Amino acid sequence: MDWNTTYSKGRKYPQFSDVFLDELLALLSKRYHSSNIGRVVDIGCGRGELAIQLAKRGIKVTGFDSSEKALELARANAVEANVDNFVQFIKADIEKFEDNKLEKEIARAQLVICKLVIAFLNDRVSFLKKINLNMRDKALLLLQTPVFLDKKGLTNHLSSISVPKNKIENELKEIFSNFSLLKEELMAEGVFLNTYVVKKN
Ligand SMILES: C[S@@+](CC[C@H](N)C(=O)[O-])C[C@H]1O[C@@H](n2cnc3c(N)ncnc32)[C@H](O)[C@@H]1O
């Protein structure tokens, strides 16, 4: 996937509404933390929309992405939203865990987010294991991804952006603890957009 070209063409991805994000943060704080979430890592942050929404709520966010174009847009969006003091965007291949930057940021965060990214990775299980390993105690992972039950009948596009529902759920249950499916929305025939939360194991 050529992400720089995709972003240069103006591609945007579905974002959380402010209402959903507020409900989500309240739920996560109440269910898992005595204090509020103050630091977040957004893995595969794209144009930084979610990082900026969180920064507007006083949360410090570090976003990682391999697309220079996405990061350029994210930085400009943060300046425009006047939250550049609350966010930083770092170029990295999130599967490589090079020079410890991703590990260090994950270890500082109460919440790790991975939104619409997991289907594009080469080795999803190793990636999820590394996240769990580096997360601090009681930290949470919020993962949003399109999922399918049966690949048969899906267009090439849909199967390339989604993952098998049973497989990802089993992986999350095996690697992390406190598995929870927070939201399930029909995205297209045979594909749901699912939002999961799990806790460091
Ligand atoms: C569909 S976009 C989602 C972006 C953002 N999370 C959102 O919801 O708007 C997927 C993102 O994952 C990033 N990505 C995919 N594979 C990556 C990798 N190995 N390392 C870093 N970023 C990656 C792409 O550059 C792209 O920005």
# chains A, B, ... in the order shown; residues from 1 in each chain; ligands from 1
$ select_by_dssp --residues "chain A" --states "strand (DSSP E)" --output "PyMOL selection string"
chain A and resi 39-43+60-65+87-91+111-115+140-148+163-164+177-188+191-199
$ residues_near_ligand --ligand "ligand 1" --cutoff "6 Å" --atoms "only C-alpha atoms and all ligand atoms" --output "tab-separated table (two decimals) with C-alpha atoms, in the first residue's frame"
chain	number	residue	atom	x	y	z
A	3	TRP	CA	0.25	5.51	1.91
A	13	TYR	CA	-10.62	7.69	7.22
A	44	GLY	CA	-0.55	4.17	12.82
A	45	CYS	CA	-1.91	7.64	13.56
A	46	GLY	CA	-2.40	8.74	9.94
A	65	ASP	CA	3.21	6.32	11.33
A	66	SER	CA	5.47	5.34	8.44
A	67	SER	CA	3.93	7.78	5.96
A	92	ALA	CA	8.47	4.71	12.30
A	93	ASP	CA	7.68	1.33	10.87
A	94	ILE	CA	5.50	0.07	13.70
A	95	GLU	CA	6.37	-3.57	12.99
A	115	LYS	CA	-7.21	2.23	14.71
A	116	LEU	CA	-7.77	0.86	11.20
A	117	VAL	CA	-4.19	-0.42	10.99
A	120	PHE	CA	-2.16	-3.89	6.90
A	121	LEU	CA	0.51	-5.57	9.01
$ closest_residue --among "A:Gln53, A:Asn122, A:Ser177, A:Asn194" --to "A:Ser160" --atoms "only C-alpha atoms"
A:Asn122
$ atom_distance --atom1 "atom CA of A:Glu171" --atom2 "atom CA of A:Val198"
11.0 Å
$ residues_around --residues "stretch 131-143 of chain A" --least-positions-apart "4" --cutoff "8 Å" --atoms "only C-alpha atoms" --output "number ranges by chain"
A: 32-33, 103-104, 106-116, 127, 175-176, 195-201
$ atom_distance --atom1 "atom CA of A:Glu23" --atom2 "atom CA of A:Val41"
18.9 Å
$ closest_residue --among "A:Glu49, A:Asp22, A:Asn85, A:Pro146" --to "A:Asn36" --atoms "only C-alpha atoms"
A:Asp22
$ closest_residue --among "A:Phe192, A:Phe148, A:Phe97, A:Phe86" --to "A:Ile43" --atoms "only C-alpha atoms"
A:Phe97
$ atom_distance --atom1 "atom CA of A:Ala55" --atom2 "atom CA of A:Val87"
6.6 Å
$ select_by_dssp --residues "stretch 30-173 of chain A" --states "helix (DSSP H, G or I)" --output "compact mmCIF listing (two decimals) with C-alpha atoms, in the first residue's frame"
# COMPACT_ATOMS: atom_id res chain seq x y z
CA LYS A 30 -14.20 4.23 35.12
CA ARG A 31 -13.75 0.61 34.21
CA TYR A 32 -9.99 0.34 34.39
CA GLU A 49 -7.28 13.39 13.75
CA LEU A 50 -7.74 11.19 16.83
CA ALA A 51 -4.51 12.43 18.44
CA ILE A 52 -5.77 15.99 18.04
CA GLN A 53 -9.22 15.16 19.43
CA LEU A 54 -7.49 13.67 22.49
CA ALA A 55 -5.06 16.60 22.80
CA GLU A 68 5.83 11.06 5.72
CA LYS A 69 2.81 12.67 4.06
CA ALA A 70 0.46 11.57 6.85
CA LEU A 71 2.85 12.97 9.46
CA GLU A 72 3.22 16.26 7.59
CA LEU A 73 -0.59 16.62 7.56
CA ALA A 74 -0.86 15.55 11.21
CA ARG A 75 1.70 18.16 12.33
CA ALA A 76 -0.01 20.91 10.32
CA ASN A 77 -3.43 19.88 11.69
CA ALA A 78 -2.08 20.01 15.25
CA VAL A 79 -0.71 23.53 14.76
CA GLU A 80 -4.01 24.65 13.26
CA GLU A 98 13.49 0.30 15.82
CA ASP A 99 15.59 2.43 18.20
CA ASN A 100 13.25 1.81 21.17
CA LYS A 101 11.09 4.89 20.52
CA LEU A 102 7.84 2.98 20.18
CA GLU A 103 8.62 0.77 23.19
CA LYS A 104 9.41 3.81 25.35
CA GLU A 105 6.25 5.65 24.40
CA ILE A 106 4.07 2.56 24.91
CA ALA A 107 5.62 2.08 28.34
CA ARG A 108 4.60 5.63 29.37
CA ILE A 118 -4.00 -4.08 12.00
CA ALA A 119 -5.17 -5.45 8.61
CA PHE A 120 -2.16 -3.89 6.90
CA ARG A 124 -0.15 -9.21 13.43
CA VAL A 125 0.49 -11.66 16.26
CA SER A 126 4.11 -10.61 16.81
CA PHE A 127 3.03 -6.97 16.74
CA LEU A 128 0.30 -7.53 19.34
CA LYS A 129 2.68 -9.51 21.57
CA LYS A 130 5.25 -6.71 21.45
CA ILE A 131 2.62 -4.17 22.41
CA ASN A 132 1.51 -6.25 25.38
CA LEU A 133 5.10 -6.82 26.47
CA ASN A 134 5.89 -3.10 26.49
CA ASN A 156 -10.68 -7.64 -2.95
CA HIS A 157 -10.78 -4.20 -1.41
CA LEU A 158 -12.87 -5.29 1.58
CA SER A 159 -10.78 -8.36 2.26
CA SER A 160 -7.58 -6.29 2.10
CA ILE A 161 -8.75 -3.86 4.80
CA LYS A 165 -13.29 -11.88 13.28
CA ASN A 166 -12.74 -15.17 15.12
CA LYS A 167 -8.99 -15.04 14.60
CA ILE A 168 -8.43 -11.50 15.84
CA GLU A 169 -10.70 -12.05 18.83
CA ASN A 170 -8.84 -15.23 19.80
CA GLU A 171 -5.50 -13.47 19.40
CA LEU A 172 -6.62 -10.58 21.60
CA LYS A 173 -7.96 -13.01 24.23
$ decode --residues "stretch 103-146 of chain A" --atoms "N, CA and C atoms" --output "compact mmCIF listing (two decimals), in the first residue's frame"
# COMPACT_ATOMS: atom_id res chain seq x y z
N GLU A 103 8.66 1.45 21.88
CA GLU A 103 8.62 0.77 23.19
C GLU A 103 8.50 1.78 24.33
N LYS A 104 9.35 2.82 24.25
CA LYS A 104 9.41 3.81 25.35
C LYS A 104 8.08 4.53 25.48
N GLU A 105 7.51 4.91 24.34
CA GLU A 105 6.25 5.65 24.40
C GLU A 105 5.11 4.75 24.89
N ILE A 106 5.11 3.50 24.44
CA ILE A 106 4.07 2.56 24.91
C ILE A 106 4.18 2.40 26.42
N ALA A 107 5.41 2.31 26.91
CA ALA A 107 5.62 2.08 28.34
C ALA A 107 5.16 3.25 29.20
N ARG A 108 5.02 4.44 28.60
CA ARG A 108 4.60 5.63 29.37
C ARG A 108 3.10 5.86 29.33
N ALA A 109 2.40 5.16 28.42
CA ALA A 109 0.99 5.50 28.16
C ALA A 109 0.01 4.66 28.99
N GLN A 110 -1.08 5.30 29.37
CA GLN A 110 -2.16 4.52 30.00
C GLN A 110 -3.04 3.85 28.95
N LEU A 111 -3.01 4.42 27.73
CA LEU A 111 -3.86 3.89 26.67
C LEU A 111 -3.07 3.85 25.35
N VAL A 112 -3.10 2.69 24.71
CA VAL A 112 -2.49 2.52 23.39
C VAL A 112 -3.65 2.35 22.40
N ILE A 113 -3.57 3.08 21.29
CA ILE A 113 -4.64 3.00 20.29
C ILE A 113 -4.08 2.47 18.99
N CYS A 114 -4.83 1.60 18.35
CA CYS A 114 -4.44 1.10 17.04
C CYS A 114 -5.73 1.03 16.21
N LYS A 115 -5.91 2.04 15.38
CA LYS A 115 -7.21 2.23 14.71
C LYS A 115 -7.06 2.09 13.20
N LEU A 116 -7.74 1.11 12.66
CA LEU A 116 -7.77 0.86 11.20
C LEU A 116 -6.37 0.56 10.63
N VAL A 117 -5.59 -0.18 11.37
CA VAL A 117 -4.19 -0.42 10.99
C VAL A 117 -3.86 -1.92 10.89
N ILE A 118 -4.46 -2.70 11.79
CA ILE A 118 -4.00 -4.08 12.00
C ILE A 118 -4.07 -4.94 10.73
N ALA A 119 -5.01 -4.64 9.84
CA ALA A 119 -5.17 -5.45 8.61
C ALA A 119 -4.00 -5.26 7.65
N PHE A 120 -3.24 -4.19 7.84
CA PHE A 120 -2.16 -3.89 6.90
C PHE A 120 -0.81 -4.44 7.34
N LEU A 121 -0.78 -5.11 8.49
CA LEU A 121 0.51 -5.57 9.01
C LEU A 121 0.87 -6.95 8.47
N ASN A 122 2.17 -7.23 8.42
CA ASN A 122 2.63 -8.53 7.92
C ASN A 122 2.50 -9.61 8.98
N ASP A 123 2.82 -9.25 10.23
CA ASP A 123 2.79 -10.24 11.30
C ASP A 123 2.05 -9.66 12.50
N ARG A 124 0.74 -9.81 12.43
CA ARG A 124 -0.15 -9.21 13.43
C ARG A 124 0.12 -9.74 14.84
N VAL A 125 0.34 -11.05 14.94
CA VAL A 125 0.49 -11.66 16.26
C VAL A 125 1.76 -11.16 16.94
N SER A 126 2.87 -11.12 16.20
CA SER A 126 4.11 -10.61 16.81
C SER A 126 3.95 -9.17 17.25
N PHE A 127 3.28 -8.39 16.42
CA PHE A 127 3.03 -6.97 16.74
C PHE A 127 2.23 -6.86 18.04
N LEU A 128 1.15 -7.62 18.14
CA LEU A 128 0.30 -7.53 19.34
C LEU A 128 1.07 -7.98 20.59
N LYS A 129 1.89 -9.02 20.42
CA LYS A 129 2.68 -9.51 21.57
C LYS A 129 3.66 -8.46 22.04
N LYS A 130 4.28 -7.75 21.07
CA LYS A 130 5.25 -6.71 21.45
C LYS A 130 4.55 -5.57 22.17
N ILE A 131 3.36 -5.24 21.73
CA ILE A 131 2.62 -4.17 22.41
C ILE A 131 2.35 -4.59 23.85
N ASN A 132 1.83 -5.79 24.02
CA ASN A 132 1.51 -6.25 25.38
C ASN A 132 2.76 -6.25 26.27
N LEU A 133 3.85 -6.72 25.71
CA LEU A 133 5.10 -6.82 26.47
C LEU A 133 5.56 -5.45 26.98
N ASN A 134 5.38 -4.43 26.15
CA ASN A 134 5.89 -3.10 26.49
C ASN A 134 4.91 -2.24 27.26
N MET A 135 3.65 -2.62 27.30
CA MET A 135 2.66 -1.81 28.01
C MET A 135 2.91 -1.82 29.51
N ARG A 136 2.60 -0.70 30.16
CA ARG A 136 2.75 -0.67 31.62
C ARG A 136 1.58 -1.42 32.26
N ASP A 137 1.73 -1.71 33.54
CA ASP A 137 0.68 -2.41 34.27
C ASP A 137 -0.63 -1.66 34.17
N LYS A 138 -1.71 -2.37 33.97
CA LYS A 138 -3.07 -1.82 33.92
C LYS A 138 -3.35 -0.99 32.67
N ALA A 139 -2.36 -0.85 31.78
CA ALA A 139 -2.62 -0.07 30.56
C ALA A 139 -3.57 -0.82 29.65
N LEU A 140 -4.23 -0.04 28.78
CA LEU A 140 -5.25 -0.59 27.89
C LEU A 140 -4.82 -0.44 26.44
N LEU A 141 -5.32 -1.35 25.62
CA LEU A 141 -5.20 -1.21 24.16
C LEU A 141 -6.60 -1.08 23.59
N LEU A 142 -6.80 -0.02 22.81
CA LEU A 142 -8.06 0.15 22.10
C LEU A 142 -7.77 -0.15 20.63
N LEU A 143 -8.45 -1.14 20.11
CA LEU A 143 -8.17 -1.57 18.74
C LEU A 143 -9.44 -1.51 17.91
N GLN A 144 -9.38 -0.77 16.81
CA GLN A 144 -10.54 -0.74 15.91
C GLN A 144 -10.12 -1.31 14.57
N THR A 145 -10.93 -2.23 14.06
CA THR A 145 -10.62 -2.82 12.76
C THR A 145 -11.87 -3.35 12.07
N PRO A 146 -11.91 -3.29 10.75
CA PRO A 146 -12.96 -4.03 10.06
C PRO A 146 -12.70 -5.54 10.20
